[in-house]
$ cat input_4.pdb   # PDB, C-alpha atoms
MODEL        1
ATOM      1  CA  MET A  59     -14.170 -13.105  -6.669
ATOM      2  CA  ASN A  60     -10.490 -12.241  -6.819
ATOM      3  CA  SER A  61      -8.642 -15.371  -5.690
ATOM      4  CA  LEU A  62      -5.443 -13.352  -5.174
ATOM      5  CA  ILE A  63      -7.047 -11.514  -2.257
ATOM      6  CA  PRO A  64      -8.139 -13.778   0.613
ATOM      7  CA  SER A  65     -11.666 -13.367   1.932
ATOM      8  CA  GLY A  66     -11.658 -11.092   4.965
ATOM      9  CA  ALA A  67      -8.247  -9.665   4.006
ATOM     10  CA  HIS A  68      -6.729  -6.662   5.731
ATOM     11  CA  VAL A  69      -5.034  -4.308   3.273
ATOM     12  CA  PHE A  70      -2.367  -1.685   4.008
ATOM     13  CA  VAL A  71      -1.865   1.144   1.503
ATOM     14  CA  ASP A  72       0.813   3.713   0.727
ATOM     15  CA  GLU A  73       1.636   5.597  -2.449
ATOM     16  CA  SER A  74       4.518   7.082  -4.369
ATOM     17  CA  LYS A  75       4.154   9.818  -6.925
ATOM     18  CA  SER A  76       6.841  11.308  -9.087
ATOM     19  CA  LYS A  77       7.149   9.552 -12.462
ATOM     20  CA  ALA A  78       3.727   7.912 -12.189
ATOM     21  CA  TYR A  79       1.178   7.491  -9.407
ATOM     22  CA  TYR A  80       1.639   4.185  -7.584
ATOM     23  CA  VAL A  81      -0.746   2.915  -4.921
ATOM     24  CA  ALA A  82       0.707  -0.161  -3.243
ATOM     25  CA  ALA A  83      -1.655  -2.362  -1.253
ATOM     26  CA  SER A  84      -0.178  -5.079   0.954
ATOM     27  CA  VAL A  85      -2.738  -7.843   1.394
ATOM     28  CA  VAL A  86      -2.789  -9.980   4.543
ATOM     29  CA  ALA A  87      -5.186 -12.796   5.459
ATOM     30  CA  PRO A  88      -7.033 -11.923   8.672
ATOM     31  CA  GLY A  89      -5.443 -14.741  10.674
ATOM     32  CA  ASP A  90      -1.942 -13.668   9.623
ATOM     33  CA  VAL A  91      -2.075  -9.957  10.517
ATOM     34  CA  ALA A  92      -0.540 -10.177  14.008
ATOM     35  CA  SER A  93       2.354 -12.431  12.957
ATOM     36  CA  ALA A  94       3.021 -10.385   9.787
ATOM     37  CA  ARG A  95       3.016  -7.166  11.817
ATOM     38  CA  ARG A  96       5.540  -8.642  14.282
ATOM     39  CA  ALA A  97       7.780  -9.928  11.478
ATOM     40  CA  ILE A  98       7.862  -6.557   9.723
ATOM     41  CA  ALA A  99       8.368  -4.587  12.968
ATOM     42  CA  LEU A 100      11.495  -6.680  13.599
ATOM     43  CA  LEU A 101      12.977  -5.336  10.334
ATOM     44  CA  ARG A 102      13.180  -1.824  11.782
ATOM     45  CA  ARG A 103      16.688  -0.844  12.848
ATOM     46  CA  ALA A 104      17.387  -0.006  16.499
ATOM     47  CA  GLY A 105      16.177   3.487  17.325
ATOM     48  CA  GLN A 106      13.865   3.778  14.325
ATOM     49  CA  ARG A 107      10.184   4.606  14.774
ATOM     50  CA  ARG A 108       9.398   3.384  11.286
ATOM     51  CA  VAL A 109      10.909   2.309   7.972
ATOM     52  CA  HIS A 110      10.616   4.945   5.242
ATOM     53  CA  PHE A 111      12.300   3.794   2.043
ATOM     54  CA  LYS A 112      13.298   7.177   0.662
ATOM     55  CA  SER A 113      15.344   7.799   3.839
ATOM     56  CA  GLU A 114      17.035   4.381   4.053
ATOM     57  CA  SER A 115      20.481   3.330   2.863
ATOM     58  CA  ASP A 116      20.629   0.779   0.054
ATOM     59  CA  SER A 117      21.864  -1.905   2.478
ATOM     60  CA  SER A 118      18.892  -1.224   4.782
ATOM     61  CA  ARG A 119      16.519  -1.291   1.805
ATOM     62  CA  ASN A 120      17.917  -4.641   0.679
ATOM     63  CA  ALA A 121      17.676  -6.110   4.179
ATOM     64  CA  PHE A 122      14.083  -4.894   4.563
ATOM     65  CA  LEU A 123      13.031  -6.297   1.170
ATOM     66  CA  ASN A 124      14.605  -9.668   1.967
ATOM     67  CA  GLY A 125      12.851  -9.798   5.332
ATOM     68  CA  ALA A 126       9.497  -8.793   3.856
ATOM     69  CA  ILE A 127       9.867 -11.433   1.133
ATOM     70  CA  GLN A 128      10.691 -14.088   3.750
ATOM     71  CA  SER A 129       7.593 -13.107   5.725
ATOM     72  CA  GLY A 130       5.472 -14.099   2.718
ATOM     73  CA  LEU A 131       3.717 -10.764   2.272
ATOM     74  CA  ARG A 132       2.195  -9.879  -1.096
ATOM     75  CA  THR A 133       1.371  -6.470  -2.516
ATOM     76  CA  ARG A 134      -0.887  -5.332  -5.322
ATOM     77  CA  LEU A 135       0.272  -2.278  -7.246
ATOM     78  CA  TYR A 136      -2.192   0.149  -8.855
ATOM     79  CA  VAL A 137      -0.557   2.508 -11.356
ATOM     80  CA  ALA A 138      -1.770   5.612 -13.183
ATOM     81  CA  ARG A 139       0.609   7.230 -15.643
ATOM     82  CA  ASN A 140       0.612  10.669 -17.267
ATOM     83  CA  LEU A 141      -2.236  11.974 -15.127
ATOM     84  CA  PRO A 142      -2.355  14.692 -12.481
ATOM     85  CA  ASP A 143      -2.329  13.368  -8.899
ATOM     86  CA  LYS A 144      -5.909  14.588  -8.311
ATOM     87  CA  VAL A 145      -7.073  12.311 -11.137
ATOM     88  CA  ALA A 146      -4.620   9.436 -10.619
ATOM     89  CA  ARG A 147      -5.239   8.817  -6.912
ATOM     90  CA  PRO A 148      -9.032   8.387  -7.220
ATOM     91  CA  LEU A 149      -8.570   6.048 -10.214
ATOM     92  CA  CYS A 150      -6.105   3.901  -8.266
ATOM     93  CA  LEU A 151      -8.257   3.885  -5.125
ATOM     94  CA  GLU A 152     -11.377   2.943  -7.088
ATOM     95  CA  GLY A 153      -9.529   0.086  -8.806
ATOM     96  CA  LEU A 154      -8.295  -1.136  -5.437
ATOM     97  CA  LEU A 155     -11.772  -0.835  -3.888
ATOM     98  CA  ASP A 156     -13.336  -2.822  -6.742
ATOM     99  CA  ASP A 157     -10.857  -5.649  -6.129
ATOM    100  CA  LEU A 158     -11.293  -5.551  -2.350
ATOM    101  CA  LEU A 159     -15.086  -5.619  -2.557
ATOM    102  CA  ALA A 160     -15.058  -8.472  -5.080
ATOM    103  CA  ALA A 161     -12.815 -10.492  -2.754
ATOM    104  CA  GLY A 162     -14.681  -9.716   0.463
ATOM    105  CA  ALA A 163     -11.825  -7.858   2.162
ATOM    106  CA  THR A 164     -12.825  -6.437   5.546
ATOM    107  CA  LYS A 165     -10.248  -3.797   6.482
ATOM    108  CA  LEU A 166      -8.432  -1.067   4.558
ATOM    109  CA  VAL A 167      -5.691   0.963   6.259
ATOM    110  CA  LEU A 168      -4.243   3.919   4.361
ATOM    111  CA  GLU A 169      -1.128   5.821   5.371
ATOM    112  CA  SER A 170      -2.227   9.074   6.936
ATOM    113  CA  ASP A 171      -1.586  12.216   4.888
ATOM    114  CA  GLU A 172      -3.740  15.038   6.203
ATOM    115  CA  SER A 173      -3.783  16.753   2.811
ATOM    116  CA  LEU A 174      -5.426  13.663   1.257
ATOM    117  CA  GLU A 175      -7.608  12.230   4.018
ATOM    118  CA  GLN A 176     -10.761  14.246   3.387
ATOM    119  CA  ALA A 177     -10.729  13.452  -0.339
ATOM    120  CA  ASP A 178      -9.921   9.789   0.411
ATOM    121  CA  ARG A 179     -12.860   9.501   2.809
ATOM    122  CA  ARG A 180     -15.204  11.046   0.252
ATOM    123  CA  ILE A 181     -13.991   8.786  -2.588
ATOM    124  CA  ILE A 182     -14.098   5.642  -0.447
ATOM    125  CA  ALA A 183     -17.485   6.381   1.130
ATOM    126  CA  GLN A 184     -19.067   7.143  -2.263
ATOM    127  CA  HIS A 185     -17.564   4.018  -3.812
ATOM    128  CA  LEU A 186     -18.639   1.771  -0.955
ATOM    129  CA  LYS A 187     -22.161   3.212  -0.984
ATOM    130  CA  SER A 188     -22.572   2.753  -4.741
ATOM    131  CA  HIS A 189     -21.134  -0.788  -4.655
ATOM    132  CA  ASP A 190     -22.826  -2.129  -1.500
ATOM    133  CA  GLY A 191     -19.517  -2.248   0.345
ATOM    134  CA  GLU A 192     -20.701  -2.009   3.916
ATOM    135  CA  GLY A 193     -18.484  -4.926   4.995
ATOM    136  CA  LEU A 194     -15.250  -3.009   4.355
ATOM    137  CA  GLN A 195     -13.967  -0.841   7.199
ATOM    138  CA  TYR A 196     -11.365   1.799   6.411
ATOM    139  CA  MET A 197      -9.108   4.123   8.345
ATOM    140  CA  HIS A 198      -6.023   6.290   8.037
ATOM    141  CA  CYS A 199      -3.042   5.486  10.230
ATOM    142  CA  LYS A 200       0.372   7.060  10.877
ATOM    143  CA  PRO A 201       3.224   4.906   9.543
ATOM    144  CA  HIS A 202       4.908   4.554  12.943
ATOM    145  CA  GLU A 203       1.631   3.071  14.245
ATOM    146  CA  GLU A 204       1.325   0.334  11.597
ATOM    147  CA  PRO A 205       4.408  -1.593  10.420
ATOM    148  CA  LEU A 206       2.507  -3.261   7.562
ATOM    149  CA  LEU A 207       2.329   0.134   5.839
ATOM    150  CA  TRP A 208       6.122  -0.050   5.485
ATOM    151  CA  VAL A 209       5.894  -2.909   2.997
ATOM    152  CA  SER A 210       3.584  -0.895   0.756
ATOM    153  CA  ASN A 211       5.929   2.080   1.086
ATOM    154  CA  ALA A 212       8.870  -0.111   0.037
ATOM    155  CA  VAL A 213       7.121  -1.589  -3.011
ATOM    156  CA  ALA A 214       5.826   1.796  -4.205
ATOM    157  CA  TRP A 215       9.270   3.364  -3.750
ATOM    158  CA  CYS A 216      11.012   0.543  -5.632
ATOM    159  CA  HIS A 217       8.681   0.852  -8.609
ATOM    160  CA  GLN A 218       9.029   4.613  -8.639
ATOM    161  CA  LYS A 219      12.826   4.324  -8.476
ATOM    162  CA  GLY A 220      12.861   1.738 -11.278
ATOM    163  CA  GLY A 221      15.754  -0.333 -12.560
ATOM    164  CA  ASP A 222      17.073  -3.095 -10.337
ATOM    165  CA  TRP A 223      14.763  -2.027  -7.483
ATOM    166  CA  ILE A 224      11.764  -3.327  -9.415
ATOM    167  CA  ARG A 225      13.480  -6.715  -9.728
ATOM    168  CA  LYS A 226      14.367  -6.756  -6.021
ATOM    169  CA  ALA A 227      10.754  -6.007  -5.006
ATOM    170  CA  ALA A 228       9.240  -8.413  -7.568
ATOM    171  CA  PRO A 229       8.713 -11.333  -5.127
ATOM    172  CA  LEU A 230       6.485  -9.027  -3.060
ATOM    173  CA  VAL A 231       4.335  -7.987  -6.027
ATOM    174  CA  GLN A 232       1.295 -10.140  -6.602
ATOM    175  CA  GLU A 233      -0.179  -8.116  -9.453
ATOM    176  CA  ILE A 234       0.221  -4.754 -11.211
ATOM    177  CA  VAL A 235      -3.030  -3.077 -12.236
ATOM    178  CA  ASP A 236      -2.924  -0.240 -14.791
ATOM    179  CA  CYS A 237      -5.524   2.351 -13.767
ATOM    180  CA  SER A 238      -4.679   4.874 -16.528
ATOM    181  CA  ARG A 239      -7.577   5.732 -18.746
TER     182      ARG A 239
ENDMDL
END
$ encode --input "input_4.pdb" --output "structure tokens"
Amino acid sequence: MNSLIPSGAHVFVDESKSKAYYVAASVVAPGDVASARRAIALLRRAGQRRVHFKSESDSSRNAFLNGAIQSGLRTRLYVARNLPDKVARPLCLEGLLDDLLAAGATKLVLESDESLEQADRRIIAQHLKSHDGEGLQYMHCKPHEEPLLWVSNAVAWCHQKGGDWIRKAAPLVQEIVDCSR
């Protein structure tokens, strides 16, 4: 069992893909989901539907990271380097699924991207079937519908951007898993 992922955890996933393929998975204990969601929603600026790191100013990025860190959220980062996206994403998802199943996580929410959803569902369903993962529910969700996806977006963006952004996001990162083969 993975002690870094609480039993029954809810996990919120987004990715970033330019220099490498990063799948960021924010892990929340089931009893903390509502309060974490409220805390992160409060970090959105007036008039915003969502926080999307690539569109934010540096001052907004810094404020969001500080707020997310204060909320106590933790994110696992799955990385595949030097691989095409069609190979990297399944490797990262399978690594994440292995960890979630070992820990007894119960809910997986992925940011909705219509171009990826069908492949995601196939990969996840096959993995769950072959690993007796019937206790894990999964769904795709639009980012304006689920504030906890914003934390994963922020961590993935920071690692993709590199430099000082990795240091700034470090308190949010629980573990980095290399999925490259």
$ resolve_selection --input "input_4.pdb" --expression "the PyMOL selection byres ((chain A and resi 212-223) around 7)" --output "compact mmCIF listing (two decimals) with C-alpha atoms, in the frame of the given file"
# COMPACT_ATOMS: atom_id res chain seq x y z
CA GLU A 73 1.64 5.60 -2.45
CA SER A 74 4.52 7.08 -4.37
CA LYS A 77 7.15 9.55 -12.46
CA TYR A 80 1.64 4.18 -7.58
CA VAL A 81 -0.75 2.92 -4.92
CA ALA A 82 0.71 -0.16 -3.24
CA PHE A 111 12.30 3.79 2.04
CA TRP A 208 6.12 -0.05 5.48
CA VAL A 209 5.89 -2.91 3.00
CA SER A 210 3.58 -0.90 0.76
CA ASN A 211 5.93 2.08 1.09
CA ILE A 224 11.76 -3.33 -9.41
CA ARG A 225 13.48 -6.72 -9.73
CA LYS A 226 14.37 -6.76 -6.02
CA ALA A 227 10.75 -6.01 -5.01
$ closest_residue --input "input_4.pdb" --among "A:Ser188, A:Thr133, A:Ser118, A:Ser113" --to "A:Leu159" --atoms "all atoms listed in the file"
A:Ser188
$ resolve_selection --input "input_4.pdb" --expression "the PyMOL selection byres ((chain A and resi 151) around 9)" --output "PyMOL selection string"
chain A and resi 81+136+146-150+152-156+178+181-182
$ closest_residue --input "input_4.pdb" --among "A:Lys200, A:Arg132, A:Lys75, A:His189" --to "A:Val167" --atoms "only C-alpha atoms"
A:Lys200
$ resolve_selection --input "input_4.pdb" --expression "the PyMOL selection byres ((chain A and resi 162) around 12)" --output "ChimeraX atom specification"
/A:59-69,87-88,155-161,163-166,190-195
$ atom_distance --input "input_4.pdb" --atom1 "atom CA of A:Gly130" --atom2 "atom CA of A:Leu206"
12.2 Å
$ atom_distance --input "input_4.pdb" --atom1 "atom CA of A:Glu175" --atom2 "atom CA of A:Lys144"
12.7 Å
$ closest_residue --input "input_4.pdb" --among "A:Tyr79, A:Gln184, A:Glu233, A:Asp72" --to "A:Arg139" --atoms "all atoms listed in the file"
A:Tyr79
$ atom_distance --input "input_4.pdb" --atom1 "atom CA of A:Val137" --atom2 "atom CA of A:Gln106"
29.5 Å
$ residues_near_point --input "input_4.pdb" --point "(9.0, -10.2, -3.0)" --cutoff "8 Å" --atoms "all atoms listed in the file" --output "PyMOL selection string"
chain A and resi 123-124+126-128+130-132+226-231
$ closest_residue --input "input_4.pdb" --among "A:Ser238, A:Ser173, A:Ser129, A:Asn120" --to "A:Arg95" --atoms "only C-alpha atoms"
A:Ser129
$ closest_residue --input "input_4.pdb" --among "A:Ile98, A:Leu207, A:Val109, A:Val86" --to "A:Glu169" --atoms "all atoms listed in the file"
A:Leu207
$ decode --input "input_4.pdb" --residues "stretch 72-85 of chain A" --atoms "all heavy atoms" --output "short mmCIF file (atom, residue, chain, number, x, y, z; two decimals), in the first residue's frame"
data_model
loop_
_atom_site.label_atom_id
_atom_site.label_comp_id
_atom_site.auth_asym_id
_atom_site.auth_seq_id
_atom_site.Cartn_x
_atom_site.Cartn_y
_atom_site.Cartn_z
N ASP A 72 -4.49 16.60 -14.30
CA ASP A 72 -4.30 17.40 -15.51
C ASP A 72 -2.90 17.10 -16.02
O ASP A 72 -2.08 16.51 -15.30
CB ASP A 72 -4.47 18.89 -15.20
CG ASP A 72 -4.63 19.74 -16.46
OD1 ASP A 72 -4.78 19.18 -17.57
OD2 ASP A 72 -4.59 20.98 -16.35
N GLU A 73 -2.64 17.52 -17.27
CA GLU A 73 -1.33 17.24 -17.84
C GLU A 73 -0.76 18.47 -18.52
O GLU A 73 -1.47 19.44 -18.76
CB GLU A 73 -1.40 16.07 -18.83
CG GLU A 73 -1.69 16.43 -20.27
CD GLU A 73 -3.13 16.82 -20.54
OE1 GLU A 73 -4.05 16.35 -19.85
OE2 GLU A 73 -3.34 17.64 -21.44
N SER A 74 0.52 18.40 -18.80
CA SER A 74 1.21 19.41 -19.59
C SER A 74 2.18 18.67 -20.49
O SER A 74 2.79 17.69 -20.07
CB SER A 74 1.96 20.39 -18.67
OG SER A 74 2.52 21.42 -19.44
N LYS A 75 2.30 19.15 -21.72
CA LYS A 75 3.09 18.38 -22.67
C LYS A 75 3.79 19.27 -23.69
O LYS A 75 3.20 19.60 -24.69
CB LYS A 75 2.21 17.38 -23.38
CG LYS A 75 0.97 18.02 -23.99
CD LYS A 75 -0.01 17.01 -24.51
CE LYS A 75 -1.15 17.71 -25.18
NZ LYS A 75 -2.43 17.27 -24.83
N SER A 76 4.99 19.65 -23.41
CA SER A 76 5.79 20.28 -24.46
C SER A 76 7.22 19.75 -24.42
O SER A 76 7.67 19.13 -25.37
CB SER A 76 5.73 21.80 -24.40
OG SER A 76 6.31 22.30 -23.25
N LYS A 77 7.92 19.92 -23.32
CA LYS A 77 9.29 19.39 -23.22
C LYS A 77 9.27 17.91 -22.84
O LYS A 77 10.12 17.14 -23.26
CB LYS A 77 10.08 20.17 -22.18
CG LYS A 77 10.26 21.62 -22.52
CD LYS A 77 10.95 22.36 -21.39
CE LYS A 77 10.95 23.84 -21.65
NZ LYS A 77 11.25 24.60 -20.45
N ALA A 78 8.34 17.54 -22.01
CA ALA A 78 8.13 16.16 -21.57
C ALA A 78 6.64 16.04 -21.32
O ALA A 78 5.91 17.02 -21.39
CB ALA A 78 8.92 15.86 -20.30
N TYR A 79 6.18 14.83 -21.03
CA TYR A 79 4.76 14.64 -20.74
C TYR A 79 4.60 14.53 -19.24
O TYR A 79 5.17 13.64 -18.62
CB TYR A 79 4.23 13.38 -21.43
CG TYR A 79 2.74 13.44 -21.66
CD1 TYR A 79 2.24 13.79 -22.90
CD2 TYR A 79 1.84 13.18 -20.63
CE1 TYR A 79 0.88 13.88 -23.12
CE2 TYR A 79 0.49 13.27 -20.84
CZ TYR A 79 0.01 13.62 -22.09
OH TYR A 79 -1.35 13.71 -22.30
N TYR A 80 3.88 15.47 -18.65
CA TYR A 80 3.66 15.50 -17.20
C TYR A 80 2.19 15.25 -16.91
O TYR A 80 1.33 15.94 -17.45
CB TYR A 80 4.03 16.87 -16.62
CG TYR A 80 5.50 17.19 -16.65
CD1 TYR A 80 6.07 17.83 -17.73
CD2 TYR A 80 6.31 16.85 -15.58
CE1 TYR A 80 7.42 18.13 -17.76
CE2 TYR A 80 7.66 17.15 -15.59
CZ TYR A 80 8.21 17.79 -16.69
OH TYR A 80 9.54 18.08 -16.70
N VAL A 81 1.91 14.28 -16.08
CA VAL A 81 0.57 14.05 -15.56
C VAL A 81 0.64 14.36 -14.07
O VAL A 81 1.35 13.69 -13.32
CB VAL A 81 0.09 12.61 -15.81
CG1 VAL A 81 -1.20 12.33 -15.05
CG2 VAL A 81 -0.12 12.38 -17.31
N ALA A 82 -0.08 15.41 -13.66
CA ALA A 82 -0.09 15.82 -12.27
C ALA A 82 -1.39 15.34 -11.64
O ALA A 82 -2.47 15.54 -12.20
CB ALA A 82 0.02 17.34 -12.16
N ALA A 83 -1.28 14.71 -10.49
CA ALA A 83 -2.42 14.12 -9.80
C ALA A 83 -2.49 14.66 -8.37
O ALA A 83 -1.69 14.27 -7.52
CB ALA A 83 -2.30 12.60 -9.80
N SER A 84 -3.44 15.55 -8.13
CA SER A 84 -3.62 16.10 -6.78
C SER A 84 -4.45 15.12 -5.97
O SER A 84 -5.53 14.72 -6.38
CB SER A 84 -4.30 17.46 -6.85
OG SER A 84 -3.45 18.38 -7.51
N VAL A 85 -3.91 14.74 -4.82
CA VAL A 85 -4.49 13.68 -3.99
C VAL A 85 -5.14 14.31 -2.75
O VAL A 85 -4.49 15.07 -2.03
CB VAL A 85 -3.38 12.70 -3.55
CG1 VAL A 85 -3.93 11.63 -2.63
CG2 VAL A 85 -2.71 12.09 -4.78
#
